[in-house]
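Raw upload-v3.txt, compact mmCIF, C-alpha atoms and all ligand atoms:
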```
# COMPACT_ATOMS: atom_id res chain seq x y z
CA MET A 1 -18.02 -34.67 27.21
CA ASP A 2 -16.93 -33.56 30.67
CA GLN A 3 -15.65 -36.08 33.17
CA GLN A 4 -18.80 -36.05 35.30
CA GLU A 5 -21.03 -36.74 32.31
CA GLU A 6 -18.72 -39.48 31.09
CA LYS A 7 -18.77 -41.20 34.48
CA LYS A 8 -22.58 -40.95 34.61
CA ARG A 9 -22.90 -42.62 31.22
CA ALA A 10 -20.42 -45.32 32.13
CA LEU A 11 -22.30 -46.01 35.37
CA LYS A 12 -25.52 -46.40 33.40
CA GLY A 13 -23.77 -49.18 31.54
CA THR A 14 -23.43 -51.20 34.76
CA LEU A 15 -27.20 -51.72 35.13
CA GLY A 16 -27.10 -55.23 33.67
CA SER A 17 -24.34 -56.41 36.03
CA PHE A 18 -26.15 -54.82 38.95
CA ILE A 19 -29.38 -56.68 38.17
CA ALA A 20 -27.44 -59.93 37.84
CA ALA A 21 -25.44 -59.35 41.04
CA ASN A 22 -28.63 -58.72 42.98
CA ARG A 23 -30.41 -61.72 41.47
CA LEU A 24 -33.62 -59.91 40.66
CA PHE A 25 -35.11 -62.87 38.86
CA GLY A 26 -38.21 -65.00 38.79
CA LYS A 27 -37.95 -68.75 38.51
CA GLY A 28 -35.64 -69.82 35.69
CA GLU A 29 -35.16 -66.29 34.38
CA GLU A 30 -31.59 -65.94 35.55
CA ARG A 31 -30.39 -68.42 32.92
CA TYR A 32 -31.62 -66.23 30.07
CA PHE A 33 -30.22 -62.99 31.41
CA SER A 34 -26.82 -61.63 30.66
CA PRO A 35 -25.36 -58.29 31.76
CA GLU A 36 -24.20 -57.70 28.18
CA ARG A 37 -27.40 -58.52 26.31
CA GLY A 38 -30.06 -58.12 29.00
CA GLY A 39 -33.24 -60.15 29.41
CA THR A 40 -36.17 -60.14 31.80
CA PHE A 41 -36.03 -59.61 35.54
CA ARG A 42 -38.23 -58.54 38.46
CA CYS A 43 -38.93 -55.14 39.97
CA PRO A 44 -37.10 -55.13 43.33
CA ILE A 45 -40.16 -53.61 45.00
CA CYS A 46 -43.30 -55.24 43.55
CA GLY A 47 -41.76 -58.25 41.81
CA ARG A 48 -43.45 -57.52 38.46
CA LYS A 49 -41.68 -58.58 35.27
CA LEU A 50 -39.52 -55.97 33.60
CA GLY A 51 -37.17 -56.10 30.64
CA LEU A 52 -33.75 -54.77 29.90
CA PHE A 53 -32.60 -55.04 26.33
CA VAL A 54 -29.24 -53.64 25.58
CA LYS A 55 -29.07 -51.56 22.44
CA SER A 56 -25.32 -51.53 22.17
CA ASP A 57 -22.56 -53.32 24.00
CA GLY A 58 -20.64 -50.07 24.32
CA TYR A 59 -20.50 -48.57 27.79
CA SER A 60 -21.50 -45.22 26.36
CA ASP A 61 -25.01 -46.47 25.69
CA PRO A 62 -27.40 -45.40 28.44
CA TRP A 63 -29.24 -48.68 28.88
CA GLY A 64 -32.87 -48.33 29.76
CA ILE A 65 -35.42 -50.74 31.15
CA ASN A 66 -38.40 -49.19 29.41
CA SER A 67 -38.42 -51.61 26.58
CA PHE A 68 -40.50 -54.34 28.19
CA GLY A 69 -43.47 -53.99 30.50
CA HIS A 70 -43.70 -51.59 33.41
CA CYS A 71 -44.88 -51.36 37.00
CA PRO A 72 -45.65 -48.47 39.36
CA HIS A 73 -41.92 -48.19 40.06
CA PHE A 74 -40.16 -48.51 36.71
CA GLY A 75 -40.88 -47.84 33.08
CA HIS A 76 -43.38 -45.32 31.72
CA GLY A 77 -44.67 -43.10 34.52
CA GLY A 78 -42.68 -45.09 37.11
CA GLU A 79 -41.55 -43.74 40.45
CA TYR A 80 -37.85 -44.35 39.75
CA SER A 81 -35.68 -43.61 36.74
CA SER A 82 -35.15 -46.65 34.57
CA ASP A 83 -31.39 -46.70 34.98
CA ILE A 84 -28.72 -47.74 37.48
CA PHE A 85 -29.47 -44.78 39.77
CA GLY A 86 -33.17 -45.59 40.03
CA MET A 87 -32.52 -49.33 40.38
CA TYR A 88 -29.85 -48.83 43.05
CA ALA A 89 -32.18 -46.50 44.97
CA ALA A 90 -35.02 -49.06 44.84
CA VAL A 91 -32.86 -52.02 45.85
CA TYR A 92 -31.29 -50.21 48.80
CA GLY A 93 -34.38 -48.23 49.83
CA ILE A 94 -32.72 -44.83 49.50
CA SER A 95 -33.54 -41.73 47.47
CA GLU A 96 -32.38 -41.46 43.88
CA LYS A 97 -30.41 -38.38 44.82
CA ASP A 98 -28.51 -40.38 47.46
CA ALA A 99 -27.99 -43.25 45.02
CA PHE A 100 -26.55 -40.81 42.50
CA SER A 101 -24.14 -39.17 44.92
CA ARG A 102 -23.07 -42.53 46.35
CA LEU A 103 -22.36 -44.09 42.95
CA MET A 104 -20.64 -41.02 41.56
CA LYS A 105 -18.29 -41.03 44.57
CA GLU A 106 -17.08 -44.58 43.84
CA GLU A 107 -13.50 -44.46 42.74
CA GLU A 108 -13.55 -47.65 40.70
CA LEU A 109 -16.15 -47.88 38.02
CA THR A 110 -17.75 -51.26 38.59
CA ALA A 111 -21.26 -52.51 39.08
CA PRO A 112 -21.90 -52.22 42.80
CA GLY A 113 -21.76 -55.71 44.18
CA THR A 114 -19.82 -57.40 41.38
CA ARG A 115 -16.31 -56.64 40.22
CA ARG A 116 -15.58 -54.31 43.07
CA ARG A 117 -16.53 -57.12 45.42
CA GLN A 118 -14.26 -59.66 43.73
CA MET A 119 -11.39 -57.21 43.98
CA GLN A 120 -12.13 -56.58 47.64
CA ILE A 121 -12.06 -60.29 48.36
CA ALA A 122 -8.78 -60.81 46.52
CA GLU A 123 -7.26 -57.80 48.28
CA ARG A 124 -8.41 -58.99 51.70
CA GLU A 125 -6.89 -62.38 51.13
CA ARG A 126 -3.59 -60.83 50.07
CA GLN A 127 -3.59 -58.57 53.13
CA GLU A 128 -4.46 -61.31 55.57
CA TYR A 129 -2.46 -64.20 54.19
CA GLY A 130 0.12 -62.70 51.84
CA ALA A 131 0.78 -63.34 48.18
CA ALA A 132 1.02 -67.08 48.78
CA ALA A 133 -2.64 -67.37 49.89
CA ASN A 134 -4.33 -70.36 48.33
CA GLY A 135 -7.49 -68.53 47.29
CA PHE A 136 -9.61 -70.15 50.01
CA ILE A 137 -11.49 -66.95 50.83
CA ARG A 138 -12.40 -66.41 47.19
CA LYS A 139 -13.50 -70.02 46.78
CA ASN A 140 -15.59 -69.97 49.96
CA MET A 141 -17.16 -66.63 49.05
CA GLU A 142 -18.06 -67.85 45.58
CA LYS A 143 -19.97 -70.73 47.12
CA LEU A 144 -21.89 -68.41 49.41
CA ASP A 145 -22.57 -65.94 46.58
CA SER A 146 -24.04 -68.62 44.38
CA LEU A 147 -26.70 -69.72 46.91
CA GLY A 148 -30.31 -68.95 46.10
CA TYR A 149 -31.39 -65.85 48.00
CA GLY A 150 -34.86 -64.34 48.19
CA LYS A 151 -37.39 -66.14 46.07
CA ARG A 152 -34.98 -68.96 45.37
CA MET A 153 -34.65 -69.77 49.05
CA LEU A 154 -34.88 -73.53 49.61
CA PRO A 155 -37.95 -74.88 51.48
CA GLU A 156 -35.64 -76.33 54.18
CA GLY A 157 -34.36 -72.82 54.85
CA LYS A 158 -37.86 -71.37 55.00
CA ALA A 159 -38.88 -74.05 57.48
CA LEU A 160 -35.83 -73.35 59.66
CA LEU A 161 -36.59 -69.63 59.71
CA GLU A 162 -40.24 -70.31 60.54
CA LYS A 163 -39.06 -72.32 63.53
CA ARG A 164 -37.73 -69.00 64.81
CA GLY A 165 -40.95 -67.14 63.92
CA ILE A 166 -39.46 -65.50 60.84
CA HIS A 167 -41.38 -65.55 57.53
CA ILE A 168 -39.25 -64.86 54.51
CA ASP A 169 -42.21 -64.43 52.14
CA SER A 170 -43.43 -61.38 54.03
CA MET A 171 -40.04 -59.65 53.92
CA SER A 172 -39.15 -56.94 51.42
CA GLN A 173 -37.28 -58.07 48.34
CA ARG A 174 -34.20 -56.24 49.58
CA LEU A 175 -34.21 -58.11 52.91
CA ARG A 176 -34.88 -61.43 51.23
CA GLY A 177 -31.76 -60.82 49.17
CA LEU A 178 -29.75 -60.91 52.42
CA VAL A 179 -30.92 -64.28 53.73
CA SER A 180 -30.38 -67.77 52.42
CA TYR A 181 -30.08 -71.39 53.43
CA MET A 182 -27.00 -73.42 52.71
CA PRO A 183 -27.33 -77.20 52.54
CA GLU A 184 -24.21 -79.10 53.59
CA THR A 185 -21.37 -77.34 51.78
CA GLU A 186 -17.65 -77.96 51.76
CA PHE A 187 -15.41 -75.04 52.63
CA LEU A 188 -11.67 -74.64 52.62
CA SER A 189 -9.67 -73.57 55.63
CA LYS A 190 -6.57 -71.43 55.25
CA SER A 191 -4.39 -74.49 55.60
CA GLY A 192 -6.17 -75.92 52.59
CA SER A 193 -8.04 -78.65 54.49
CA ALA A 194 -11.77 -79.04 53.88
CA TYR A 195 -14.65 -78.79 56.35
CA LYS A 196 -18.40 -79.09 55.94
CA ALA A 197 -21.18 -76.91 57.29
CA GLU A 198 -24.86 -76.20 56.77
CA GLY A 199 -27.00 -73.34 58.01
CA ILE A 200 -28.80 -70.06 57.56
CA VAL A 201 -26.62 -67.57 55.71
CA PHE A 202 -26.81 -63.81 56.30
CA ARG A 203 -25.09 -61.37 53.98
CA LEU A 204 -23.44 -58.51 55.83
CA GLY A 205 -22.22 -55.09 54.78
CA GLN A 206 -23.36 -52.63 52.15
CA ASP A 207 -22.68 -54.91 49.20
CA GLY A 208 -22.94 -58.26 50.96
CA SER A 209 -19.17 -58.62 51.02
CA SER A 210 -19.11 -60.80 54.14
CA PHE A 211 -21.31 -63.43 55.74
CA GLN A 212 -22.46 -64.87 59.00
CA ILE A 213 -23.72 -68.45 59.04
CA ARG A 214 -25.96 -69.74 61.83
CA LYS A 215 -25.20 -73.44 61.84
CA THR A 216 -27.96 -76.01 61.54
CA HIS A 217 -27.97 -79.75 61.23
CA GLY A 218 -30.74 -81.96 59.85
CA GLY A 219 -33.46 -79.33 60.20
CA SER A 220 -32.46 -78.11 63.68
CA TYR A 221 -30.28 -75.33 64.99
CA VAL A 222 -26.94 -76.47 66.35
CA SER A 223 -26.92 -75.53 70.03
CA LYS A 224 -24.23 -73.75 71.93
CA ASP A 225 -21.47 -75.93 73.32
CA GLY A 226 -19.38 -73.56 75.41
CA SER A 227 -17.62 -71.74 72.60
CA ASP A 228 -19.50 -69.87 69.90
CA PHE A 229 -19.67 -72.96 67.81
CA ARG A 230 -23.13 -71.94 66.54
CA PHE A 231 -21.74 -69.36 64.12
CA ILE A 232 -19.28 -69.26 61.26
CA SER A 233 -18.12 -65.84 60.08
CA MET A 234 -16.63 -65.21 56.67
CA GLY A 235 -15.10 -61.82 56.05
CA PRO A 236 -15.22 -58.73 58.28
CA ALA A 237 -17.95 -58.56 60.94
CA ASP A 238 -19.90 -55.82 59.16
CA CYS A 239 -23.50 -54.90 60.07
CA PHE A 240 -26.56 -56.78 58.85
CA ASN A 241 -29.12 -54.57 57.07
CA ALA A 242 -27.06 -51.39 57.54
CA GLU A 243 -28.91 -49.86 54.58
CA CYS A 244 -31.89 -49.12 56.84
CA ILE A 245 -29.83 -46.52 58.73
CA ALA A 246 -30.28 -44.13 55.80
CA ASP A 247 -34.10 -44.45 55.97
CA ALA A 248 -35.70 -40.99 55.94
CA SER A 249 -39.19 -41.95 57.19
CA GLY A 250 -38.61 -40.79 60.78
CA ALA A 251 -39.14 -44.30 62.15
CA PRO A 252 -36.72 -45.32 64.92
CA ILE A 253 -33.70 -47.51 64.22
CA PHE A 254 -33.54 -50.68 66.31
CA ILE A 255 -30.03 -51.97 66.90
CA THR A 256 -29.79 -55.65 67.77
CA GLU A 257 -27.11 -58.26 68.40
CA GLY A 258 -27.25 -60.50 65.39
CA PRO A 259 -29.47 -60.85 62.31
CA PHE A 260 -32.14 -63.11 63.89
CA ASP A 261 -33.12 -60.38 66.32
CA ALA A 262 -33.13 -57.72 63.60
CA LEU A 263 -35.46 -59.87 61.47
CA SER A 264 -37.62 -60.49 64.56
CA VAL A 265 -38.00 -56.74 65.15
CA ILE A 266 -39.09 -56.34 61.53
CA GLU A 267 -41.55 -59.24 61.95
CA ALA A 268 -43.07 -57.40 64.88
CA GLY A 269 -43.61 -54.26 62.81
CA GLY A 270 -40.33 -52.37 63.23
CA ARG A 271 -39.38 -50.66 59.98
CA ASN A 272 -35.65 -50.33 60.54
CA ALA A 273 -33.55 -52.90 62.34
CA VAL A 274 -29.81 -53.22 61.97
CA ALA A 275 -27.67 -55.89 63.63
CA VAL A 276 -24.11 -55.70 64.85
CA ILE A 277 -22.20 -58.96 64.85
CA GLY A 278 -21.35 -59.27 68.55
CA ALA A 279 -22.29 -56.88 71.34
CA GLY A 280 -18.86 -55.23 71.50
CA ASN A 281 -18.34 -54.62 67.80
CA HIS A 282 -19.71 -51.18 66.86
CA SER A 283 -17.21 -49.41 64.61
CA ARG A 284 -19.02 -50.07 61.30
CA LEU A 285 -22.38 -49.19 62.85
CA ILE A 286 -21.08 -45.91 64.27
CA GLU A 287 -19.53 -45.05 60.91
CA ALA A 288 -22.90 -45.55 59.19
CA MET A 289 -24.83 -43.66 61.89
CA ARG A 290 -22.50 -40.67 61.50
CA LYS A 291 -23.35 -40.49 57.80
CA ARG A 292 -27.06 -40.27 58.51
CA GLU A 293 -28.43 -36.90 57.45
CA ARG A 294 -31.57 -36.59 59.60
CA PRO A 295 -32.09 -36.89 63.35
CA ALA A 296 -33.17 -40.30 64.61
CA VAL A 297 -34.10 -42.18 67.75
CA ALA A 298 -32.07 -45.38 68.06
CA PHE A 299 -33.27 -48.16 70.36
CA ILE A 300 -30.52 -50.41 71.66
CA CYS A 301 -31.93 -53.90 71.82
CA PHE A 302 -29.06 -56.06 73.11
CA ASP A 303 -29.28 -59.27 75.12
CA PRO A 304 -29.62 -58.79 78.89
CA ASP A 305 -26.47 -60.86 79.64
CA GLU A 306 -23.10 -59.53 80.81
CA ALA A 307 -21.66 -59.01 77.30
CA GLY A 308 -24.91 -57.46 76.07
CA LYS A 309 -25.17 -55.05 79.00
CA ASN A 310 -21.56 -53.89 78.66
CA GLY A 311 -21.90 -53.57 74.90
CA ALA A 312 -25.14 -51.59 75.24
CA ALA A 313 -23.60 -49.17 77.75
CA LYS A 314 -20.64 -48.54 75.45
CA LEU A 315 -22.85 -48.15 72.38
CA TYR A 316 -25.10 -45.70 74.24
CA LYS A 317 -22.11 -43.42 74.87
CA GLU A 318 -20.91 -43.71 71.28
CA LEU A 319 -24.35 -42.84 69.91
CA MET A 320 -24.75 -39.91 72.33
CA ALA A 321 -21.64 -38.38 70.76
CA ILE A 322 -23.29 -38.26 67.32
CA ASP A 323 -25.27 -35.11 66.49
CA GLY A 324 -28.95 -35.75 65.94
CA ILE A 325 -29.00 -39.30 67.33
CA THR A 326 -31.05 -39.96 70.47
CA PRO A 327 -30.18 -43.39 71.85
CA LEU A 328 -32.62 -45.18 74.17
CA PRO A 329 -32.55 -48.61 75.78
CA PHE A 330 -35.22 -50.96 74.45
CA PRO A 331 -37.16 -52.65 77.27
CA LEU A 332 -37.07 -56.30 76.26
CA GLY A 333 -39.15 -57.42 79.19
CA GLY A 334 -39.67 -60.45 81.36
CA SER A 335 -37.47 -63.47 81.04
CA CYS A 336 -36.67 -62.98 77.36
CA HIS A 337 -33.06 -63.41 76.42
CA ASP A 338 -33.38 -61.59 73.11
CA PHE A 339 -35.98 -60.14 70.76
CA ASN A 340 -36.39 -63.44 68.96
CA ASP A 341 -37.42 -65.03 72.29
CA LEU A 342 -40.02 -62.31 72.63
CA ILE A 343 -41.73 -62.95 69.28
CA MET A 344 -41.62 -66.68 69.98
CA ALA A 345 -43.09 -66.29 73.49
CA ASP A 346 -45.74 -63.67 72.81
CA ARG A 347 -46.01 -62.16 69.38
CA ASN A 348 -48.77 -59.74 70.29
CA SER A 349 -46.74 -58.34 73.15
CA ALA A 350 -43.68 -58.06 70.91
CA GLU A 351 -45.71 -56.04 68.40
CA GLU A 352 -46.97 -53.76 71.17
CA ARG A 353 -43.46 -53.12 72.40
CA ILE A 354 -42.32 -52.16 68.91
CA ALA A 355 -45.41 -49.94 68.51
CA LEU A 356 -44.65 -48.27 71.85
CA ALA A 357 -41.02 -47.70 70.87
CA SER A 358 -42.13 -46.23 67.52
CA GLY A 359 -44.64 -44.00 69.34
CA ILE A 360 -41.95 -42.80 71.74
CA ALA A 361 -39.66 -42.02 68.81
CA SER A 362 -42.28 -40.02 66.89
CA SER A 363 -43.27 -38.17 70.07
CA ILE A 364 -39.66 -37.18 70.63
CA SER A 365 -39.28 -36.07 67.01
CA ALA A 366 -42.50 -34.04 67.19
CA GLY A 367 -41.38 -32.40 70.43
CA TYR A 368 -44.26 -33.94 72.45
CA LEU A 369 -41.98 -35.98 74.65
CA SER A 370 -38.61 -35.18 76.19
CA LYS A 371 -35.81 -37.68 76.36
CA ARG A 372 -36.29 -37.67 80.11
CA GLY A 373 -39.99 -38.45 79.68
CA ALA A 374 -39.05 -41.35 77.40
CA PHE A 375 -36.66 -42.71 80.04
CA ARG A 376 -39.41 -42.48 82.67
CA LEU A 377 -41.75 -44.55 80.47
CA ILE A 378 -39.05 -47.16 79.83
CA LYS A 379 -38.19 -47.35 83.53
CA ALA A 380 -41.84 -47.76 84.49
CA LEU A 381 -42.20 -50.54 81.94
CA ARG A 382 -39.14 -52.29 83.34
CA THR A 383 -40.57 -52.10 86.85
CA ALA A 384 -43.83 -53.60 85.59
CA ASP A 385 -41.82 -56.31 83.79
CA ALA A 386 -40.14 -57.24 87.05
CA GLU A 387 -43.58 -57.67 88.60
CA GLY A 388 -44.78 -59.76 85.66
CA LYS A 389 -47.18 -57.02 84.55
CA GLY A 390 -45.16 -55.75 81.58
CA ALA A 391 -47.60 -56.66 78.82
CA GLU A 392 -50.55 -54.85 80.47
CA ARG A 393 -48.44 -51.82 81.29
CA CYS A 394 -47.15 -51.64 77.71
CA SER A 395 -50.75 -51.63 76.37
CA GLU A 396 -51.71 -48.86 78.81
CA MET A 397 -48.74 -46.75 77.80
CA LEU A 398 -49.52 -47.24 74.14
CA SER A 399 -53.14 -46.07 74.61
CA TRP A 400 -51.94 -43.12 76.66
CA LEU A 401 -49.44 -42.13 73.97
CA ARG A 402 -52.09 -42.45 71.26
CA GLY A 403 -54.47 -40.35 73.35
CA GLU A 404 -51.84 -37.63 73.65
CA TRP A 405 -51.43 -37.61 69.87
CA ARG A 406 -55.20 -37.27 69.38
CA LYS A 407 -55.32 -34.37 71.84
CA ARG A 408 -52.48 -32.56 70.08
CA LYS A 409 -54.15 -33.08 66.75
CA LYS A 410 -57.41 -31.58 68.01
CA HIS A 411 -55.65 -28.50 69.32
CA ALA A 412 -53.44 -28.10 66.29
ZN ZN B 501 -42.49 -52.38 40.79
```

For this file, produce the structure as structure tokens.
Ligand SMILES: [Zn+2]
Amino acid sequence: MDQQEEKKRALKGTLGSFIAANRLFGKGEERYFSPERGGTFRCPICGRKLGLFVKSDGYSDPWGINSFGHCPHFGHGGEYSSDIFGMYAAVYGISEKDAFSRLMKEEELTAPGTRRRQMQIAERERQEYGAAANGFIRKNMEKLDSLGYGKRMLPEGKALLEKRGIHIDSMSQRLRGLVSYMPETEFLSKSGSAYKAEGIVFRLGQDGSSFQIRKTHGGSYVSKDGSDFRFISMGPADCFNAECIADASGAPIFITEGPFDALSVIEAGGRNAVAVIGAGNHSRLIEAMRKRERPAVAFICFDPDEAGKNGAAKLYKELMAIDGITPLPFPLGGSCHDFNDLIMADRNSAEERIALASGIASSISAGYLSKRGAFRLIKALRTADAEGKGAERCSEMLSWLRGEWRKRKKHA
């Protein structure tokens, strides 16, 4: 067997660990599932019950998931292959071809999101704190990993998210896997002393290898007290939902400051929203945008404060330097401090703004609108916002844009 074929077979053997690492389970099913023997789990797209029964515990066995039930995505006649490549593609919303090339490029053969992640954590701790580190990063990360994500989200967490206008049940399975609620939990500091925290937990990075926690207390969000006391970060400040950057649908990419705003954009109908952690921290985002294969319009949706404005100006320049990326400022409008404020204040208007931005992006891609034309529209909307007429103006622009599309269609 050549090396390529051997690696492919070995990767197929990681399907069980991948399913377990991504917690694709219905209620109580996780207990009966093992990466070595298999069990039942849920389709990452439609949530229907599927089975994986391992024929042999040897890595050379190409494990399949055909053996139990099927859905439109997996099993007989399914959209994706019933193996690690198909499952990875479905979980991360990328093509199977991309999943294949990404997994085959991995140097270490491990299930994405499991052993590789443990090694990364151990390595980071060694790098940051030397050989004498007391394992506090690993212990803290294990606690965060073991929280219930997605369907296992606690009702307290759901209620807290709903307070911010975010509905976890209407999110995709992949997004739900990135959000959790942590009841009061004890963490270790590097000096070995303990501290307690509770809050909404966001997994960051491609394999969820770091976290941002928005602190809450007794069913409320902890408010700002001068410093950035509202957040706890664990691990590198990687992007939230960076996977959406690879989306090939032609929809624009909204870039926000922080996961709440990204989820708010998605609530308002945006397909792709990625968050940087802090307005000035773009290196991971730029890295991911450079890897994108198709052209895209990227709306920068930062807060209109000093840090947000400076960060947005810098990001605009960085995105301009990437071939195929057209950056545009997102007109937040009125007195809103961030996109979450907008969905809380006026959901309908938030949806219209996202629809307008999506219309601008498709018009640019189709060659119906120049970048200059897009800037004129955004400027006009900002002027209307300053006069308190933003919502009406946005509706007018949306109808105008739709009219243009109808005209083009007729003449085409
Ligand atoms: Zn399915």

Tell me, counting all atoms listed in the file, for each residue of chain A within 10 Å of ligand ZN 501 (chain B), which pair of atoms is nearest and how far apart they are in Å to one decimal, in rows ordered by chain and increasing number, as JSON lines.
```
{"residue": "A:Arg42", "atom": "CA", "partner": "B:ZN501", "partner_atom": "ZN", "distance": 7.8}
{"residue": "A:Cys43", "atom": "CA", "partner": "B:ZN501", "partner_atom": "ZN", "distance": 4.6}
{"residue": "A:Pro44", "atom": "CA", "partner": "B:ZN501", "partner_atom": "ZN", "distance": 6.6}
{"residue": "A:Ile45", "atom": "CA", "partner": "B:ZN501", "partner_atom": "ZN", "distance": 5.0}
{"residue": "A:Cys46", "atom": "CA", "partner": "B:ZN501", "partner_atom": "ZN", "distance": 4.1}
{"residue": "A:Gly47", "atom": "CA", "partner": "B:ZN501", "partner_atom": "ZN", "distance": 6.0}
{"residue": "A:Arg48", "atom": "CA", "partner": "B:ZN501", "partner_atom": "ZN", "distance": 5.7}
{"residue": "A:Lys49", "atom": "CA", "partner": "B:ZN501", "partner_atom": "ZN", "distance": 8.3}
{"residue": "A:Leu50", "atom": "CA", "partner": "B:ZN501", "partner_atom": "ZN", "distance": 8.6}
{"residue": "A:His70", "atom": "CA", "partner": "B:ZN501", "partner_atom": "ZN", "distance": 7.5}
{"residue": "A:Cys71", "atom": "CA", "partner": "B:ZN501", "partner_atom": "ZN", "distance": 4.6}
{"residue": "A:Pro72", "atom": "CA", "partner": "B:ZN501", "partner_atom": "ZN", "distance": 5.2}
{"residue": "A:His73", "atom": "CA", "partner": "B:ZN501", "partner_atom": "ZN", "distance": 4.3}
{"residue": "A:Phe74", "atom": "CA", "partner": "B:ZN501", "partner_atom": "ZN", "distance": 6.1}
{"residue": "A:Gly75", "atom": "CA", "partner": "B:ZN501", "partner_atom": "ZN", "distance": 9.1}
{"residue": "A:Gly78", "atom": "CA", "partner": "B:ZN501", "partner_atom": "ZN", "distance": 8.2}
{"residue": "A:Glu79", "atom": "CA", "partner": "B:ZN501", "partner_atom": "ZN", "distance": 8.7}
{"residue": "A:Tyr80", "atom": "CA", "partner": "B:ZN501", "partner_atom": "ZN", "distance": 9.3}
{"residue": "A:Ala90", "atom": "CA", "partner": "B:ZN501", "partner_atom": "ZN", "distance": 9.1}
```

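Closest to Arg382 of chain A among A:Leu401, A:Glu306, A:Leu332, A:Ala89 is A:Leu332, based on all atoms listed in the file.
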
For segment 272-366 of chain A versus segment 167-182 of chain A, which residues have an atom no more than 12 Å away, and what is each residue's nearest atom pair and distance in Å rounded to one decimal, using only C-alpha atoms, chain-then-number order, as a tab-separated table?
```
residue	atom	partner	partner_atom	distance
A:Asn272	CA	A:Leu175	CA	11.0
A:Ala273	CA	A:Leu175	CA	10.8
A:Val274	CA	A:Leu175	CA	11.2
```

Next item on the list: Choose the residue, out of A:Leu356, A:Ala307, A:Leu11, A:Ile364, that has the smallest atom-to-atom separation from Ser399 of chain A; count only C-alpha atoms.
Entry: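 Closest to Ser399 of chain A, using only C-alpha atoms: A:Leu356.
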
Next item on the list: Pick out the residues sitting within 10 Å of segment 93-103 of chain A, and hand them over as a list of chain:residue names; count all atoms listed in the file, and ignore anything fewer than 6 positions along from it in its own chain.
Entry: A:Lys7, A:Lys8, A:Leu11, A:Pro44, A:Ile45, A:Tyr80, A:Ser81, A:Ile84, A:Phe85, A:Gly86, A:Met87, A:Leu109, A:Thr110, A:Ala111, A:Pro112, A:Arg174, A:Glu243, A:Cys244, A:Ile245, A:Ala246, A:Asp247, A:Ala248

Next item on the list: Could you jot down the atom CA of Glu392 of chain A to atom CA of Ser349 of chain A separation for me, Å, one decimal place?
Entry: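 Spanning atom CA of Glu392 of chain A to atom CA of Ser349 of chain A is a straight-line distance of 9.0 Å.
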
Tell me, as a short mmCIF file (atom, residue, chain, number, x, y, z; two decimals) with C-alpha atoms, in the coordinates of the input, which residues lie within 12 Å of segment 372-376 of chain A, counting only C-alpha atoms; anything in the same chain fewer than 4 positions away does not count.
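Wrote it out as result-v5.cif, contents follow:
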```
data_model
loop_
_atom_site.label_atom_id
_atom_site.label_comp_id
_atom_site.auth_asym_id
_atom_site.auth_seq_id
_atom_site.Cartn_x
_atom_site.Cartn_y
_atom_site.Cartn_z
CA VAL A 297 -34.10 -42.18 67.75
CA PHE A 299 -33.27 -48.16 70.36
CA THR A 326 -31.05 -39.96 70.47
CA PRO A 327 -30.18 -43.39 71.85
CA LEU A 328 -32.62 -45.18 74.17
CA PRO A 329 -32.55 -48.61 75.78
CA PHE A 330 -35.22 -50.96 74.45
CA PRO A 331 -37.16 -52.65 77.27
CA LEU A 356 -44.65 -48.27 71.85
CA ALA A 357 -41.02 -47.70 70.87
CA SER A 358 -42.13 -46.23 67.52
CA GLY A 359 -44.64 -44.00 69.34
CA ILE A 360 -41.95 -42.80 71.74
CA ALA A 361 -39.66 -42.02 68.81
CA SER A 362 -42.28 -40.02 66.89
CA SER A 363 -43.27 -38.17 70.07
CA ILE A 364 -39.66 -37.18 70.63
CA SER A 365 -39.28 -36.07 67.01
CA GLY A 367 -41.38 -32.40 70.43
CA TYR A 368 -44.26 -33.94 72.45
CA ALA A 380 -41.84 -47.76 84.49
CA LEU A 381 -42.20 -50.54 81.94
CA ARG A 382 -39.14 -52.29 83.34
CA THR A 383 -40.57 -52.10 86.85
CA MET A 397 -48.74 -46.75 77.80
CA LEU A 401 -49.44 -42.13 73.97
#
```

Notebook entry, point to check: Could you state the separation of atom CA of Ala197 of chain A and atom CA of Lys215 of chain A in Å, given to one decimal place?
Noted result: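 Taking atom CA of Ala197 of chain A as the start and atom CA of Lys215 of chain A as the end point, the length is 7.0 Å.
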
Next item on the list: Determine, counting only C-alpha atoms, every residue of protein, DNA or RNA that lies within 10 Å of (-26.2, -49.8, 73.6) in the file coordinates, then give the result as a list in words.
Entry: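 Within 10 Å of (-26.2, -49.8, 73.6), the protein and nucleic acid residues are Ile255, Thr256, Glu257, Ala279, Gly280, His282, Ala298, Phe299, Ile300, Cys301, Phe302, Gly308, Lys309, Asn310, Gly311, Ala312, Ala313, Lys314, Leu315, Tyr316, Lys317, Glu318, Leu319, Pro327, Leu328, Pro329 and Phe330 of chain A.
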
Notebook entry, point to check: A:Ala345, A:Ile200, A:Cys336, A:Ala366: which is nearest Gly148 of chain A, counting only C-alpha atoms?
Noted result: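 Smallest separation from Gly148 of chain A among the options: A:Ile200.
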
Notebook entry, point to check: So how many Å separate atom CA of Gly324 of chain A and atom CA of Ala296 of chain A, to one decimal?
Noted result: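 Taking atom CA of Gly324 of chain A as the start and atom CA of Ala296 of chain A as the end point, the length is 6.3 Å.
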
Item checked: Non-local contacts of Asn140 of chain A (9 Å; only C-alpha atoms; under 4 positions in same chain excluded) as number ranges by chain -> A: 135-136, 144-145, 186-189, 234

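Comparing the minimum interatomic distances between Gly250 of chain A and each of A:Gly192, A:Gly157, A:Pro295, A:Gly28, counting all atoms listed in the file, we find that A:Pro295 sits nearest.
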